[in-house]
Amino acid sequence: MSQRCSNRASGLSAGELIMAMVSEFLGQLTLSHGGGEEPKFPTVVPVRDFDPAKDAARIDTAIKTKGVDEQTIIDILTRRSCDQRREIAFEYERVAKKDLNTALKGALSGPLEALMLGLMKSTTQYDASELKASMKGLGTDEETLIEIVCSRSNEELLEIKRVYKDLFKKELDKDVAGDTSGDFAKLLLALVQTKRDEPSNVIDYEKIDEDARSLYEAGVKRKGTDVATWISIMSQRSVPHLQKVLHELFLIQFECFENRQLYFANRLSEAMKSKGAKEKVVTRIMVSRCEVDLMKIRTEFKRQHRRSLYQTIAEHTKGDYQKALLSLCGGDD
């Protein structure tokens with residue numbers, strides 16, 4: 001467990017700790033809209049009249065240009081879908097006789113390099129890689145762990161776990177258990193194990209009352225907190241069910257609990273307004289959401305912060321990295 005997590009926990013009672021943990025991940029849980037696949041609101045979609053050989057040749061020329069033609073690389077890779085980028089990579093290797101990722105690493109640097117390399121992965125591969133990186137070396141990046149684990153659906157987490165094992169020959173559950181400890185580890189593991197109920201059209205009011213009473217008895221009424229009860233309920237009940245339980249328990253609405261896109265909009269705002277913009281957070285959200293729901297995140301950003309995501313990126317970032325982010329953003333609102 002990293003020093004940062006240890007410091008966060010020091011001085012807190014068990015009850016304060018579990019309530020702080022619950023509060024932290026509440027805003028990041030996904031609200032499924034019922035059975036089946038959730039609708040997508042991407043800013044990056046497959047380009048028409050796609051010619052992977054032509055794109056590969058243009059990228060090859062851009063990389064070989066003295067000083068590197070970053071703009072051409074940005075224009076192509078940020079406006080092609082993941083499947084199209086994969087075809088470009090195949091054509092590039094066939095013509096240039098080298099791996100495109102390796103070529104990009106040699107040609108680019110800094111946050112632009114991280115962004116472009118992130119785009120060369122599928123969304124699931126990118127999530128798996130970010131989880132691995134968050135647990136690599138000294139300390140743990142709990143922020144990344146919580147963001148990804150809590151904001152992905154059961155179906156997405158199952159796919160992430162499968163890809164994680166394919167890429168790293170290890171089980172995600174075991175890596176999480178080995179790199180974290182205490183209640184934080186218990187909560188993450190409970191979420192990673194994807195035991196959450198799927199949403200149902202049937203509202204079980206009796207179960208809602210029972211869960212609200214259990215949570216109250218486990219952590220609000222008593223001295224000390226029954227951590228196991230909180231983790232069991234918070235990690236296993238469906239999100240719509242939990243929303244109703246928490247409304248009954250605390251008599252408030254958790255806006256971010258209901259709205260995953262608002263959560264990401266707020267994360268982007270906080271990251272860019274921090275001193276020296278948290279490029280890692282911005283990159284992770286823009287790469288992982290551009291083919292999923294970045295268009296809706298843009299809408300929530302404008303509604304919540306009274307200015308567009310595009311304008312905020314333009315103000316708080318610079319250079320080729322800024323150009324790439326603006327292209328992924330897909331326009332102003």
# chains A, B, ... in the order shown; residues from 1 in each chain; ligands from 1
>>> closest_atom_pairs(of="stretch 114-221 of chain A", to="stretch 88-97 of chain A", cutoff="12 Å", atoms="only C-alpha atoms", output="Markdown table")
| residue | atom | partner | partner_atom | distance |
| --- | --- | --- | --- | --- |
| A:Leu117 | CA | A:Ala89 | CA | 11.5 |
| A:Leu119 | CA | A:Ala89 | CA | 11.5 |
| A:Met120 | CA | A:Ala89 | CA | 8.3 |
| A:Lys121 | CA | A:Ala89 | CA | 10.8 |
>>> write_last_selection(atoms="C-alpha atoms", output="tab-separated table (two decimals), in the first residue's frame")
chain	number	residue	atom	x	y	z
A	117	LEU	CA	0.44	5.32	-27.79
A	119	LEU	CA	-4.82	5.54	-28.90
A	120	MET	CA	-3.06	2.56	-30.46
A	121	LYS	CA	-4.68	0.29	-27.86
>>> residues_around(residues="stretch 304-320 of chain A", least_positions_apart="6", cutoff="6 Å", atoms="only C-alpha atoms", output="PyMOL selection string")
chain A and resi 272+298+332-333
>>> residues_around(residues="A:Asp51", least_positions_apart="3", cutoff="10 Å", atoms="only C-alpha atoms", output="tab-separated table (two decimals) with N, CA and C atoms, in the first residue's frame")
chain	number	residue	atom	x	y	z
A	47	VAL	N	-13.83	6.83	-39.92
A	47	VAL	CA	-13.83	7.80	-41.01
A	47	VAL	C	-14.31	7.13	-42.29
A	48	ARG	N	-15.03	7.86	-43.12
A	48	ARG	CA	-15.49	7.31	-44.39
A	48	ARG	C	-14.34	7.29	-45.40
A	54	LYS	N	-2.78	4.42	-47.40
A	54	LYS	CA	-2.47	5.84	-47.59
A	54	LYS	C	-2.13	6.49	-46.25
A	55	ASP	N	-2.93	6.19	-45.21
A	55	ASP	CA	-2.66	6.74	-43.88
A	55	ASP	C	-1.30	6.28	-43.36
A	56	ALA	N	-0.98	5.00	-43.55
A	56	ALA	CA	0.30	4.46	-43.10
A	56	ALA	C	1.46	5.16	-43.80
A	84	GLN	N	-9.69	1.07	-37.10
A	84	GLN	CA	-8.98	1.67	-38.23
A	84	GLN	C	-7.51	1.91	-37.89
A	87	GLU	N	-5.66	-1.27	-38.39
A	87	GLU	CA	-5.37	-1.53	-39.80
A	87	GLU	C	-4.20	-0.68	-40.29
A	88	ILE	N	-4.15	0.56	-39.84
A	88	ILE	CA	-3.03	1.44	-40.20
A	88	ILE	C	-1.72	0.86	-39.68
A	91	GLU	N	-0.62	-2.01	-41.90
A	91	GLU	CA	-0.08	-1.53	-43.17
A	91	GLU	C	1.30	-0.87	-42.97
>>> closest_residue(among="A:Leu294, A:Leu77, A:Ala107, A:Val163", to="A:Gln125", atoms="only C-alpha atoms")
A:Val163
>>> residues_around(residues="A:Glu130", least_positions_apart="4", cutoff="10 Å", atoms="only C-alpha atoms", output="ChimeraX atom specification")
/A:118,124-126,134-136,141,144-145,148,284
>>> closest_residue(among="A:Leu262, A:Leu100, A:Val287, A:Ile146", to="A:Arg86", atoms="only C-alpha atoms")
A:Leu100
>>> atom_distance(atom1="atom CA of A:Ser327", atom2="atom CA of A:Ile63")
19.4 Å
>>> select_by_dssp(residues="stretch 153-210 of chain A", states="alpha helix (DSSP H)", output="ChimeraX atom specification")
/A:154-168,172-179,182-192,205-210
>>> write_last_selection(atoms="C-alpha atoms", output="short mmCIF file (atom, residue, chain, number, x, y, z; two decimals), in the first residue's frame")
data_model
loop_
_atom_site.label_atom_id
_atom_site.label_comp_id
_atom_site.auth_asym_id
_atom_site.auth_seq_id
_atom_site.Cartn_x
_atom_site.Cartn_y
_atom_site.Cartn_z
CA ASN A 154 -19.65 -5.61 -14.76
CA GLU A 155 -19.39 -6.49 -18.44
CA GLU A 156 -16.53 -4.04 -19.01
CA LEU A 157 -14.67 -5.25 -15.92
CA LEU A 158 -14.96 -8.88 -17.00
CA GLU A 159 -13.44 -7.98 -20.37
CA ILE A 160 -10.70 -5.92 -18.69
CA LYS A 161 -9.84 -8.90 -16.46
CA ARG A 162 -9.64 -11.20 -19.49
CA VAL A 163 -7.40 -8.80 -21.45
CA TYR A 164 -5.28 -8.11 -18.33
CA LYS A 165 -4.53 -11.83 -18.03
CA ASP A 166 -3.74 -12.09 -21.77
CA LEU A 167 -1.36 -9.11 -21.65
CA PHE A 168 0.39 -9.66 -18.33
CA LEU A 172 -6.08 -8.68 -11.90
CA ASP A 173 -7.68 -9.75 -8.60
CA LYS A 174 -4.36 -11.12 -7.33
CA ASP A 175 -2.41 -8.03 -8.36
CA VAL A 176 -4.91 -5.77 -6.62
CA ALA A 177 -4.77 -7.93 -3.48
CA GLY A 178 -0.97 -7.94 -3.51
CA ASP A 179 -0.58 -4.20 -4.05
CA GLY A 182 -6.82 -3.14 4.59
CA ASP A 183 -10.35 -1.93 3.89
CA PHE A 184 -9.23 -0.22 0.68
CA ALA A 185 -8.14 -3.59 -0.70
CA LYS A 186 -11.35 -5.29 0.45
CA LEU A 187 -13.46 -2.69 -1.32
CA LEU A 188 -11.47 -2.82 -4.58
CA LEU A 189 -11.47 -6.61 -4.62
CA ALA A 190 -15.21 -6.74 -4.01
CA LEU A 191 -15.73 -4.48 -7.03
CA VAL A 192 -13.20 -6.27 -9.26
CA TYR A 205 -38.89 -1.87 -1.85
CA GLU A 206 -38.59 -4.43 0.93
CA LYS A 207 -34.95 -5.07 0.01
CA ILE A 208 -34.30 -1.33 -0.21
CA ASP A 209 -35.62 -0.85 3.32
CA GLU A 210 -33.63 -3.84 4.56
#
>>> closest_residue(among="A:Lys64, A:Glu142, A:Pro240, A:Val292", to="A:Asp204", atoms="only C-alpha atoms")
A:Pro240
>>> residues_around(residues="A:Asp69", least_positions_apart="3", cutoff="10 Å", atoms="only C-alpha atoms", output="list in words")
Arg58, Ile59, Asp60, Thr61, Ala62, Ile63, Lys64, Thr65, Lys66, Thr72, Ile73, Ile74, Ala107 and Leu108 of chain A
>>> closest_residue(among="A:Asp49, A:Glu113, A:Glu300, A:Glu70", to="A:Glu279", atoms="only C-alpha atoms")
A:Glu113
>>> atom_distance(atom1="atom CA of A:Val281", atom2="atom CA of A:Met295")
17.9 Å
